[in-house]
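With TSV, C-alpha atoms and all ligand atoms inside, this is entry_17.tsv:
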chain	number	residue	atom	x	y	z
A	1	MET	CA	0.00	0.00	0.00
A	2	PRO	CA	1.33	3.46	-0.80
A	3	THR	CA	2.01	5.66	2.17
A	4	ASP	CA	-0.51	8.44	2.76
A	5	PRO	CA	1.06	11.60	1.29
A	6	THR	CA	-0.76	13.87	3.71
A	7	LYS	CA	0.48	11.98	6.76
A	8	ALA	CA	2.80	14.16	8.82
A	9	ARG	CA	6.39	12.99	8.93
A	10	TYR	CA	9.26	14.34	10.87
A	11	TYR	CA	12.95	14.68	10.28
A	12	ARG	CA	15.64	15.92	12.54
A	13	LYS	CA	16.33	19.59	12.03
A	14	GLN	CA	20.05	18.96	11.69
A	15	ILE	CA	19.60	16.32	9.01
A	16	PRO	CA	22.43	16.43	6.46
A	17	LEU	CA	21.48	17.94	3.13
A	18	PHE	CA	22.36	14.79	1.18
A	19	THR	CA	20.13	12.61	3.32
A	20	LEU	CA	17.33	15.08	2.77
A	21	VAL	CA	17.74	15.22	-1.00
A	22	ASP	CA	18.09	11.47	-1.20
A	23	LYS	CA	14.86	10.95	0.72
A	24	MET	CA	12.79	13.73	-0.79
A	25	LYS	CA	14.10	13.60	-4.35
A	26	LEU	CA	13.48	17.33	-4.63
A	27	TRP	CA	15.88	20.16	-5.29
A	28	PRO	CA	15.21	23.90	-5.01
A	29	SER	CA	17.14	25.95	-7.57
A	30	ARG	CA	18.63	29.33	-6.79
A	31	ARG	CA	15.69	31.00	-8.48
A	32	GLY	CA	13.21	29.16	-6.29
A	33	ILE	CA	12.12	26.53	-8.77
A	34	LEU	CA	11.55	23.16	-7.20
A	35	HIS	CA	12.93	20.36	-9.37
A	36	GLY	CA	12.40	16.64	-9.19
A	37	VAL	CA	15.62	14.69	-8.63
A	38	LYS	CA	16.12	11.85	-11.09
A	39	THR	CA	19.52	10.67	-9.96
A	40	PHE	CA	21.52	11.50	-6.89
A	41	GLU	CA	25.14	10.40	-6.72
A	42	PRO	CA	27.07	11.25	-3.57
A	43	ARG	CA	30.82	11.61	-4.12
A	44	GLY	CA	32.18	12.34	-0.69
A	45	PRO	CA	31.75	16.01	0.09
A	46	TYR	CA	30.01	16.60	-3.25
A	47	ALA	CA	27.08	15.04	-5.00
A	48	ILE	CA	25.91	15.10	-8.57
A	49	ILE	CA	22.24	15.73	-9.03
A	50	GLU	CA	20.37	15.16	-12.23
A	51	THR	CA	16.87	16.56	-12.40
A	52	HIS	CA	13.98	15.20	-14.41
A	53	CYS	CA	14.21	18.21	-16.73
A	54	GLY	CA	17.79	17.26	-17.62
A	55	ARG	CA	19.81	19.66	-15.49
A	56	ARG	CA	22.97	18.37	-13.88
A	57	MET	CA	24.60	20.09	-10.97
A	58	VAL	CA	27.28	19.54	-8.42
A	59	VAL	CA	26.30	20.36	-4.86
A	60	HIS	CA	28.11	20.46	-1.54
A	61	ASP	CA	26.85	18.71	1.54
A	62	SER	CA	26.03	21.31	4.14
A	63	LYS	CA	23.24	21.60	6.67
A	64	HIS	CA	23.62	25.35	6.52
A	65	SER	CA	23.43	25.83	2.78
A	66	ARG	CA	20.69	27.73	1.04
A	67	ALA	CA	19.23	24.53	-0.39
A	68	ALA	CA	19.12	22.81	3.00
A	69	ARG	CA	17.41	25.83	4.52
A	70	TRP	CA	14.93	26.03	1.69
A	71	LEU	CA	14.09	22.35	1.87
A	72	ARG	CA	13.57	22.52	5.62
A	73	ASN	CA	11.42	25.60	5.37
A	74	LYS	CA	9.66	24.31	2.26
A	75	TRP	CA	10.28	27.52	0.38
A	76	PHE	CA	9.90	27.55	-3.33
A	77	ALA	CA	8.36	29.95	-5.83
A	78	GLU	CA	7.05	27.27	-8.15
A	79	ALA	CA	7.44	23.64	-9.11
A	80	CYS	CA	9.37	23.06	-12.34
A	81	PRO	CA	6.82	22.35	-15.10
A	82	GLN	CA	9.26	20.13	-17.00
A	83	CYS	CA	10.01	17.97	-13.98
A	84	ARG	CA	6.31	17.19	-13.51
A	85	ILE	CA	6.60	16.60	-9.80
A	86	PRO	CA	3.50	14.58	-8.89
A	87	GLU	CA	0.95	16.21	-6.63
A	88	TRP	CA	1.33	13.52	-3.96
A	89	LYS	CA	5.02	14.34	-3.69
A	90	LEU	CA	4.33	18.02	-3.14
A	91	GLN	CA	1.73	17.08	-0.53
A	92	LYS	CA	4.23	14.81	1.14
A	93	TYR	CA	6.74	17.65	1.14
A	94	ALA	CA	4.18	20.01	2.66
A	95	ALA	CA	3.41	17.45	5.38
A	96	THR	CA	7.07	17.08	6.37
A	97	HIS	CA	8.16	18.79	9.55
A	98	PHE	CA	11.57	19.41	10.99
A	99	LYS	CA	12.14	19.38	14.67
A	100	ARG	CA	15.21	20.12	16.63
A	101	GLY	CA	16.48	16.94	18.24
A	102	TYR	CA	13.91	14.74	16.58
A	103	GLY	CA	15.23	11.30	15.85
A	104	SER	CA	17.69	11.24	18.71
A	105	HIS	CA	15.25	9.19	20.79
A	106	LEU	CA	13.73	7.04	18.07
A	107	ARG	CA	13.40	3.36	18.80
A	108	GLY	CA	12.75	0.72	16.20
A	109	GLU	CA	11.08	3.04	13.73
B	201	ZN	ZN	13.11	20.73	-13.42

Would you encode the structure as structure tokens?
Amino acid sequence: MPTDPTKARYYRKQIPLFTLVDKMKLWPSRRGILHGVKTFEPRGPYAIIETHCGRRMVVHDSKHSRAARWLRNKWFAEACPQCRIPEWKLQKYAATHFKRGYGSHLRGE
């Protein structure tokens, strides 16, 4: 059964950017366009992201980067029309919350 996209989910606030991108498969561009991530290849301190609309970019892993902040705050101006991010994914994104310290006391989940 598919997971309910509107179900609230929580991530630690200090989650590394790469973990976040790998789980969400979303990437906010500098201009505020939210892209769908087709492939994500971590290469140590860098990762290569390829979006569904064919863009390739090299990104640095940082919890404090613009992209990490944008993903956590769910800021974006618009979803990329070429990436065709499905509605359920945007709903899932909207239902994701970040909490300081969350995850440090998780057991078996
Ligand atoms: Zn795109």

query: What is the distance between CA of Gly36 (chain A) and atom ZN of ligand ZN 201 (chain B), in Å to one decimal?
result: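 A separation of 5.9 Å between them.
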
message: Which residues are near ligand ZN 201 (chain B) in this structure, taking near to mean any atom at most 12 Å from a ligand atom and counting all atoms listed in the file? Format them as a ChimeraX atom specification.
response: /A:25-29,31-38,49-57,78-85

Residues as selected, C-alpha atoms, written as a compact mmCIF listing (two decimals), in the frame of the given file, can you do that?
# COMPACT_ATOMS: atom_id res chain seq x y z
CA LYS A 25 14.10 13.60 -4.35
CA LEU A 26 13.48 17.33 -4.63
CA TRP A 27 15.88 20.16 -5.29
CA PRO A 28 15.21 23.90 -5.01
CA SER A 29 17.14 25.95 -7.57
CA ARG A 31 15.69 31.00 -8.48
CA GLY A 32 13.21 29.16 -6.29
CA ILE A 33 12.12 26.53 -8.77
CA LEU A 34 11.55 23.16 -7.20
CA HIS A 35 12.93 20.36 -9.37
CA GLY A 36 12.40 16.64 -9.19
CA VAL A 37 15.62 14.69 -8.63
CA LYS A 38 16.12 11.85 -11.09
CA ILE A 49 22.24 15.73 -9.03
CA GLU A 50 20.37 15.16 -12.23
CA THR A 51 16.87 16.56 -12.40
CA HIS A 52 13.98 15.20 -14.41
CA CYS A 53 14.21 18.21 -16.73
CA GLY A 54 17.79 17.26 -17.62
CA ARG A 55 19.81 19.66 -15.49
CA ARG A 56 22.97 18.37 -13.88
CA MET A 57 24.60 20.09 -10.97
CA GLU A 78 7.05 27.27 -8.15
CA ALA A 79 7.44 23.64 -9.11
CA CYS A 80 9.37 23.06 -12.34
CA PRO A 81 6.82 22.35 -15.10
CA GLN A 82 9.26 20.13 -17.00
CA CYS A 83 10.01 17.97 -13.98
CA ARG A 84 6.31 17.19 -13.51
CA ILE A 85 6.60 16.60 -9.80

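Nearest to Asp4 (chain A) of all the residues A:Thr39, A:Gln91, A:Ser65, A:Thr19 is A:Gln91, counting only C-alpha atoms.
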
Quick one: residues within 6 Å of Leu17 (chain A), all atoms listed in the file counted, chain neighbours fewer than 2 positions away excluded, as a short mmCIF file (atom, residue, chain, number, x, y, z; two decimals) with C-alpha atoms, in the frame of the given file?
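Result went into selection19.cif, see below:
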data_model
loop_
_atom_site.label_atom_id
_atom_site.label_comp_id
_atom_site.auth_asym_id
_atom_site.auth_seq_id
_atom_site.Cartn_x
_atom_site.Cartn_y
_atom_site.Cartn_z
CA THR A 19 20.13 12.61 3.32
CA LEU A 20 17.33 15.08 2.77
CA ASP A 61 26.85 18.71 1.54
CA SER A 62 26.03 21.31 4.14
CA LYS A 63 23.24 21.60 6.67
CA ALA A 68 19.12 22.81 3.00
#

task: For CA of Tyr10 (chain A) and CA of Pro42 (chain A), quote the distance in Å rounded to one decimal.
output: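 Value for the CA of Tyr10 (chain A)-CA of Pro42 (chain A) distance: 23.1 Å.
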
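Note that the spacing between CA of Val58 (chain A) and CA of Glu87 (chain A) amounts to 26.6 Å.
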
Which residues are near region 94-96 of chain A? Cut-off 9 Å, all atoms listed in the file, ignore same chain within fewer than 6 positions. Put them as a PDB file with C-alpha atoms, in the frame of the given file.
ATOM      1  CA  PRO A   5       1.060  11.600   1.290  1.00  0.00           C
ATOM      2  CA  THR A   6      -0.760  13.870   3.710  1.00  0.00           C
ATOM      3  CA  LYS A   7       0.480  11.980   6.760  1.00  0.00           C
ATOM      4  CA  ALA A   8       2.800  14.160   8.820  1.00  0.00           C
ATOM      5  CA  ARG A   9       6.390  12.990   8.930  1.00  0.00           C
ATOM      6  CA  TYR A  10       9.260  14.340  10.870  1.00  0.00           C
ATOM      7  CA  TYR A  11      12.950  14.680  10.280  1.00  0.00           C
ATOM      8  CA  ARG A  72      13.570  22.520   5.620  1.00  0.00           C
ATOM      9  CA  LYS A  74       9.660  24.310   2.260  1.00  0.00           C
TER      10      LYS A  74
END

Centre and edges of the region 36-53 of chain A box, axis-aligned, 4 Å extra per side, as lines of an AutoDock Vina configuration file:
center_x = 22.3
center_y = 14.3
center_z = -8.3
size_x = 27.8
size_y = 15.8
size_z = 24.8

message: Counting all atoms listed in the file, which residue out of A:Trp70, A:Tyr93, A:Trp88, A:Trp75 sits closest to Lys23 (chain A)?
response: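 Answer, going by the shortest atom-to-atom distance: A:Tyr93.
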
- prompt: Taking into account all atoms listed in the file, which residue in the set A:Arg12, A:Lys89, A:Phe18, A:Leu71 is nearest to Pro45 (chain A)?
  reply: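 Looking at the shortest contact to Pro45 (chain A), the residue is A:Phe18.
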